[in-house]
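**Q** This is protein18.pdb, which holds PDB, C-alpha atoms:
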ATOM      1  CA  MET B  40      15.570 -35.826 -37.598
ATOM      2  CA  ALA B  41      13.720 -35.032 -40.830
ATOM      3  CA  LYS B  42       9.968 -35.573 -40.939
ATOM      4  CA  GLN B  43       9.133 -38.705 -42.912
ATOM      5  CA  SER B  44       6.745 -38.607 -45.849
ATOM      6  CA  ALA B  45       5.690 -40.983 -48.566
ATOM      7  CA  ILE B  46       4.431 -40.621 -52.095
ATOM      8  CA  ILE B  47       2.018 -43.191 -53.415
ATOM      9  CA  ALA B  48       1.572 -43.655 -57.141
ATOM     10  CA  VAL B  49      -0.897 -45.930 -58.901
ATOM     11  CA  PHE B  50       0.168 -47.717 -62.067
ATOM     12  CA  ASP B  51      -2.065 -49.606 -64.468
ATOM     13  CA  SER B  52       0.484 -52.302 -65.267
ATOM     14  CA  HIS B  53       3.466 -54.035 -63.748
ATOM     15  CA  GLU B  54       5.530 -52.886 -66.736
ATOM     16  CA  GLN B  55       4.901 -49.245 -65.800
ATOM     17  CA  ALA B  56       5.739 -49.882 -62.134
ATOM     18  CA  GLU B  57       8.895 -51.764 -63.065
ATOM     19  CA  MET B  58      10.030 -48.953 -65.401
ATOM     20  CA  VAL B  59       9.592 -46.392 -62.603
ATOM     21  CA  ILE B  60      11.469 -48.581 -60.109
ATOM     22  CA  LYS B  61      14.380 -48.891 -62.531
ATOM     23  CA  ASN B  62      14.387 -45.126 -63.138
ATOM     24  CA  LEU B  63      14.332 -44.454 -59.400
ATOM     25  CA  GLN B  64      17.262 -46.823 -58.972
ATOM     26  CA  ARG B  65      19.223 -45.102 -61.765
ATOM     27  CA  SER B  66      18.537 -41.711 -60.153
ATOM     28  CA  GLY B  67      20.169 -42.900 -56.927
ATOM     29  CA  PHE B  68      16.957 -43.303 -54.916
ATOM     30  CA  ASP B  69      17.528 -45.631 -51.945
ATOM     31  CA  MET B  70      15.794 -48.899 -52.908
ATOM     32  CA  LYS B  71      15.345 -49.720 -49.196
ATOM     33  CA  LYS B  72      12.802 -46.878 -49.118
ATOM     34  CA  LEU B  73      10.612 -48.184 -51.921
ATOM     35  CA  SER B  74       7.503 -50.364 -51.524
ATOM     36  CA  LEU B  75       5.449 -52.094 -54.215
ATOM     37  CA  VAL B  76       1.997 -53.606 -53.724
ATOM     38  CA  GLY B  77       0.128 -55.641 -56.312
ATOM     39  CA  LYS B  78      -1.506 -58.926 -56.977
ATOM     40  CA  GLY B  79       0.976 -61.742 -57.356
ATOM     41  CA  TYR B  80      -0.910 -63.256 -60.256
ATOM     42  CA  HIS B  81      -4.139 -62.975 -62.220
ATOM     43  CA  GLN B  82      -7.074 -65.330 -61.827
ATOM     44  CA  GLU B  83      -6.227 -67.292 -64.968
ATOM     45  CA  GLU B  84      -2.672 -67.929 -63.818
ATOM     46  CA  PHE B  85      -1.613 -70.445 -61.232
ATOM     47  CA  PRO B  86       0.976 -69.418 -58.679
ATOM     48  CA  THR B  87       3.575 -72.005 -57.925
ATOM     49  CA  GLY B  88       5.115 -70.432 -54.869
ATOM     50  CA  PHE B  89       7.330 -68.001 -53.026
ATOM     51  CA  TYR B  90      10.447 -68.675 -51.000
ATOM     52  CA  THR B  91      13.106 -66.613 -49.302
ATOM     53  CA  THR B  92      16.854 -66.698 -49.412
ATOM     54  CA  GLY B  93      18.331 -64.471 -46.755
ATOM     55  CA  ASP B  94      16.707 -61.065 -47.051
ATOM     56  CA  ARG B  95      15.438 -61.696 -50.594
ATOM     57  CA  ILE B  96      12.317 -63.443 -51.824
ATOM     58  CA  LYS B  97      12.104 -65.605 -54.919
ATOM     59  CA  TYR B  98       8.921 -66.234 -56.892
ATOM     60  CA  TRP B  99       7.998 -68.603 -59.608
ATOM     61  CA  GLY B 100       4.655 -68.834 -61.339
ATOM     62  CA  GLY B 101       2.448 -66.756 -63.610
ATOM     63  CA  SER B 102       4.125 -63.346 -63.177
ATOM     64  CA  GLY B 103       7.497 -64.633 -62.075
ATOM     65  CA  ALA B 104       9.508 -62.462 -64.445
ATOM     66  CA  LEU B 105       8.089 -59.276 -62.932
ATOM     67  CA  TRP B 106       8.345 -60.212 -59.291
ATOM     68  CA  GLY B 107      11.599 -62.131 -59.637
ATOM     69  CA  GLY B 108      13.328 -59.126 -61.192
ATOM     70  CA  LEU B 109      11.946 -56.659 -58.660
ATOM     71  CA  TRP B 110      12.824 -58.684 -55.558
ATOM     72  CA  GLY B 111      16.457 -58.188 -56.469
ATOM     73  CA  MET B 112      15.951 -54.436 -55.948
ATOM     74  CA  LEU B 113      13.405 -54.236 -53.095
ATOM     75  CA  PHE B 114      14.079 -55.193 -49.474
ATOM     76  CA  GLY B 115      11.535 -57.102 -47.422
ATOM     77  CA  ALA B 116       8.712 -59.056 -49.027
ATOM     78  CA  ALA B 117       5.481 -60.783 -48.100
ATOM     79  CA  PHE B 118       2.489 -62.526 -49.592
ATOM     80  CA  PHE B 119      -0.886 -61.835 -47.962
ATOM     81  CA  TRP B 120      -4.448 -62.802 -48.688
ATOM     82  CA  VAL B 121      -6.506 -59.691 -47.958
ATOM     83  CA  PRO B 122     -10.278 -60.301 -47.685
ATOM     84  CA  GLY B 123     -12.139 -58.325 -50.335
ATOM     85  CA  ILE B 124      -8.962 -57.760 -52.372
ATOM     86  CA  GLY B 125      -7.406 -61.205 -52.727
ATOM     87  CA  PRO B 126      -3.760 -62.203 -52.949
ATOM     88  CA  LEU B 127      -1.254 -59.365 -52.614
ATOM     89  CA  VAL B 128       2.491 -59.394 -52.947
ATOM     90  CA  ILE B 129       4.193 -56.584 -51.052
ATOM     91  CA  GLY B 130       7.839 -55.586 -51.205
ATOM     92  CA  GLY B 131       9.727 -52.929 -49.266
ATOM     93  CA  PRO B 132       9.256 -51.086 -45.967
ATOM     94  CA  LEU B 133       5.451 -51.345 -46.163
ATOM     95  CA  VAL B 134       5.843 -55.047 -45.257
ATOM     96  CA  HIS B 135       7.162 -54.135 -41.799
ATOM     97  CA  ILE B 136       4.484 -51.473 -41.348
ATOM     98  CA  LEU B 137       1.756 -53.956 -42.291
ATOM     99  CA  VAL B 138       3.105 -56.667 -39.993
ATOM    100  CA  GLY B 139       3.345 -54.123 -37.178
ATOM    101  CA  ALA B 140      -0.285 -53.133 -37.774
ATOM    102  CA  LEU B 141      -1.336 -56.789 -37.619
ATOM    103  CA  GLU B 142       0.746 -57.637 -34.561
ATOM    104  CA  GLY B 143      -0.390 -54.525 -32.706
ATOM    105  CA  ALA B 144      -4.028 -55.160 -33.618
ATOM    106  CA  ALA B 145      -3.971 -51.701 -35.185
ATOM    107  CA  VAL B 146      -6.587 -52.517 -37.793
ATOM    108  CA  ILE B 147      -8.488 -49.264 -37.774
ATOM    109  CA  GLY B 148     -12.283 -49.115 -37.926
ATOM    110  CA  GLY B 149     -13.373 -50.917 -41.066
ATOM    111  CA  LEU B 150      -9.990 -50.867 -42.809
ATOM    112  CA  SER B 151      -8.250 -53.935 -44.147
ATOM    113  CA  ALA B 152      -4.731 -54.791 -43.006
ATOM    114  CA  ILE B 153      -3.312 -52.979 -46.040
ATOM    115  CA  GLY B 154      -5.564 -50.022 -45.241
ATOM    116  CA  ALA B 155      -4.303 -49.925 -41.650
ATOM    117  CA  ALA B 156      -0.707 -49.937 -42.901
ATOM    118  CA  LEU B 157      -1.446 -47.042 -45.261
ATOM    119  CA  ALA B 158      -3.229 -45.132 -42.468
ATOM    120  CA  SER B 159      -0.158 -45.529 -40.267
ATOM    121  CA  ILE B 160       1.926 -43.612 -42.833
ATOM    122  CA  GLY B 161      -0.605 -40.777 -42.893
ATOM    123  CA  VAL B 162      -2.826 -41.713 -45.834
ATOM    124  CA  PRO B 163      -6.392 -40.361 -45.359
ATOM    125  CA  LYS B 164      -9.220 -42.904 -45.190
ATOM    126  CA  GLU B 165     -10.804 -41.622 -48.448
ATOM    127  CA  SER B 166      -7.550 -42.262 -50.293
ATOM    128  CA  ILE B 167      -7.162 -45.706 -48.705
ATOM    129  CA  ILE B 168     -10.512 -46.717 -50.169
ATOM    130  CA  GLN B 169      -9.311 -45.554 -53.605
ATOM    131  CA  TYR B 170      -6.040 -47.509 -53.248
ATOM    132  CA  GLU B 171      -7.847 -50.663 -52.177
ATOM    133  CA  SER B 172     -10.133 -50.288 -55.213
ATOM    134  CA  ALA B 173      -7.086 -49.887 -57.455
ATOM    135  CA  LEU B 174      -5.581 -53.101 -56.049
ATOM    136  CA  LYS B 175      -8.878 -54.940 -56.639
ATOM    137  CA  ALA B 176      -8.669 -53.735 -60.260
ATOM    138  CA  ASP B 177      -5.194 -55.323 -60.639
ATOM    139  CA  LYS B 178      -3.306 -52.021 -60.476
ATOM    140  CA  PHE B 179      -0.041 -51.511 -58.623
ATOM    141  CA  LEU B 180       0.844 -49.135 -55.785
ATOM    142  CA  LEU B 181       4.389 -47.848 -55.691
ATOM    143  CA  ILE B 182       5.326 -46.065 -52.465
ATOM    144  CA  ALA B 183       8.497 -44.060 -51.980
ATOM    145  CA  HIS B 184       9.268 -43.357 -48.318
ATOM    146  CA  GLY B 185      11.675 -40.662 -47.146
ATOM    147  CA  ASP B 186      12.179 -37.050 -46.230
ATOM    148  CA  ALA B 187      10.549 -34.247 -48.228
ATOM    149  CA  LYS B 188      13.467 -33.952 -50.692
ATOM    150  CA  GLU B 189      13.544 -37.705 -51.431
ATOM    151  CA  VAL B 190       9.776 -37.869 -51.837
ATOM    152  CA  GLU B 191       9.773 -34.894 -54.224
ATOM    153  CA  LYS B 192      12.498 -36.541 -56.337
ATOM    154  CA  ALA B 193      10.420 -39.748 -56.507
ATOM    155  CA  ARG B 194       7.245 -37.783 -57.345
ATOM    156  CA  GLU B 195       8.909 -36.136 -60.341
ATOM    157  CA  ILE B 196      10.029 -39.489 -61.745
ATOM    158  CA  MET B 197       6.657 -41.148 -61.089
ATOM    159  CA  GLU B 198       4.732 -38.371 -62.813
ATOM    160  CA  GLN B 199       7.121 -38.280 -65.789
ATOM    161  CA  LEU B 200       6.417 -41.983 -66.310
ATOM    162  CA  ASN B 201       2.638 -41.680 -66.317
ATOM    163  CA  ALA B 202       1.425 -42.665 -62.888
ATOM    164  CA  THR B 203      -2.378 -42.835 -62.898
ATOM    165  CA  SER B 204      -2.345 -40.766 -59.698
ATOM    166  CA  THR B 205       0.132 -39.593 -57.063
ATOM    167  CA  GLU B 206      -0.391 -38.411 -53.508
ATOM    168  CA  VAL B 207       2.043 -37.315 -50.820
ATOM    169  CA  SER B 208       1.283 -38.278 -47.217
ATOM    170  CA  ASN B 209       3.054 -37.356 -44.004
ATOM    171  CA  ALA B 210       3.491 -39.780 -41.114
ATOM    172  CA  ALA B 211       1.767 -38.692 -37.931
TER
END
So that I can check it, write out the structure of this file as structure tokens.
**A**
Amino acid sequence: MAKQSAIIAVFDSHEQAEMVIKNLQRSGFDMKKLSLVGKGYHQEEFPTGFYTTGDRIKYWGGSGALWGGLWGMLFGAAFFWVPGIGPLVIGGPLVHILVGALEGAAVIGGLSAIGAALASIGVPKESIIQYESALKADKFLLIAHGDAKEVEKAREIMEQLNATSTEVSNAA
């Protein structure tokens, strides 16, 4: 079995993240291995709600066009209120990792639930703090999970499309 890795990229806008997701999809990247984390709406917008239909989530409200279009590509979705960060919408495998961290009480010394989920995929604590700060600043985290070859393919696409930063982590 191949060792699992992940690449995390930070994007300044949902348009950038959406463009990368579409490029990853066109390149043949397995959409079941892609996670997106970001705020569901901005303070001046009013969310109306989220609902699920089967394994897909629907959203309507302030940023509905972004999230509605992406839920058709990503698998697994959740809405969380994270103290210190605020409302986060998460799509992809990170949802199951985060829920597992919460259910297993695996919140690691001083980390938020999202921080514990990132730590469980091998992200160092210093980087987690940077990612949490990026989320507070309304940026988006795009995480591609997979073996080394898949992660390298995703890294190339993310960097071509101007990720603010990228970092590869290896699961323990």
**Q** When the PyMOL selection byres ((chain B and resi 197) around 12) is applied to the file above, which residues end up in the set, as number ranges by chain?
**A** B: 46-50, 55-63, 66, 180-183, 190-196, 198-207
**Q** Taking (-1.1, -56.0, -60.2) in the coordinates of the supplied file, I want to know which residues reach to within 7 Å of it, counting all atoms listed in the file; could you give the answer as a PyMOL selection string?
**A** chain B and resi 52-53+77-79+174+177-179
**Q** Using only C-alpha atoms for the distances, tell me which of B:Ala156, B:Ala45, B:Ile167, B:Ala173 is nearest to Ile124 of chain B.
**A**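 Going through B:Ala156, B:Ala45, B:Ile167, B:Ala173 one by one, the smallest distance to Ile124 of chain B is for B:Ala173.
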**Q** Can you pull out the residues contacting Ser208 of chain B? Cut-off 6 Å, using all atoms listed in the file, and skip same-chain residues under 5 positions away; I want them as a list in words.
**A** Ser44, Ala45, Gly161 and Val162 of chain B
**Q** Hey, which of B:Ile160, B:Ile168, B:Ile153, B:Leu75 ends up closest to Leu137 of chain B? Count all atoms listed in the file.
**A**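 Going through B:Ile160, B:Ile168, B:Ile153, B:Leu75 one by one, the smallest distance to Leu137 of chain B is for B:Ile153.
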**Q** Just give me the gap between atom CA of Asp186 of chain B and atom CA of Phe118 of chain B in Å, one decimal is fine.
**A**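 So the two atoms, atom CA of Asp186 of chain B and atom CA of Phe118 of chain B, lie 27.5 Å apart.
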**Q** Any idea what the distance is between atom CA of Leu127 of chain B and atom CA of Leu150 of chain B?
**A** 15.6 Å
**Q** Go through B:Asn209, B:Lys72, B:Glu165, B:Ile136 one by one, measure the shortest atom-to-atom distance of each to Ala187 of chain B using all atoms listed in the file, and give the residue with the smallest value.
**A**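 Checking each candidate against Ala187 of chain B, we get B:Asn209 as the closest.
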**Q** In Å, how far is it from atom CA of Phe68 of chain B to atom CA of His184 of chain B?
**A**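 Going from atom CA of Phe68 of chain B over to atom CA of His184 of chain B covers 10.1 Å.
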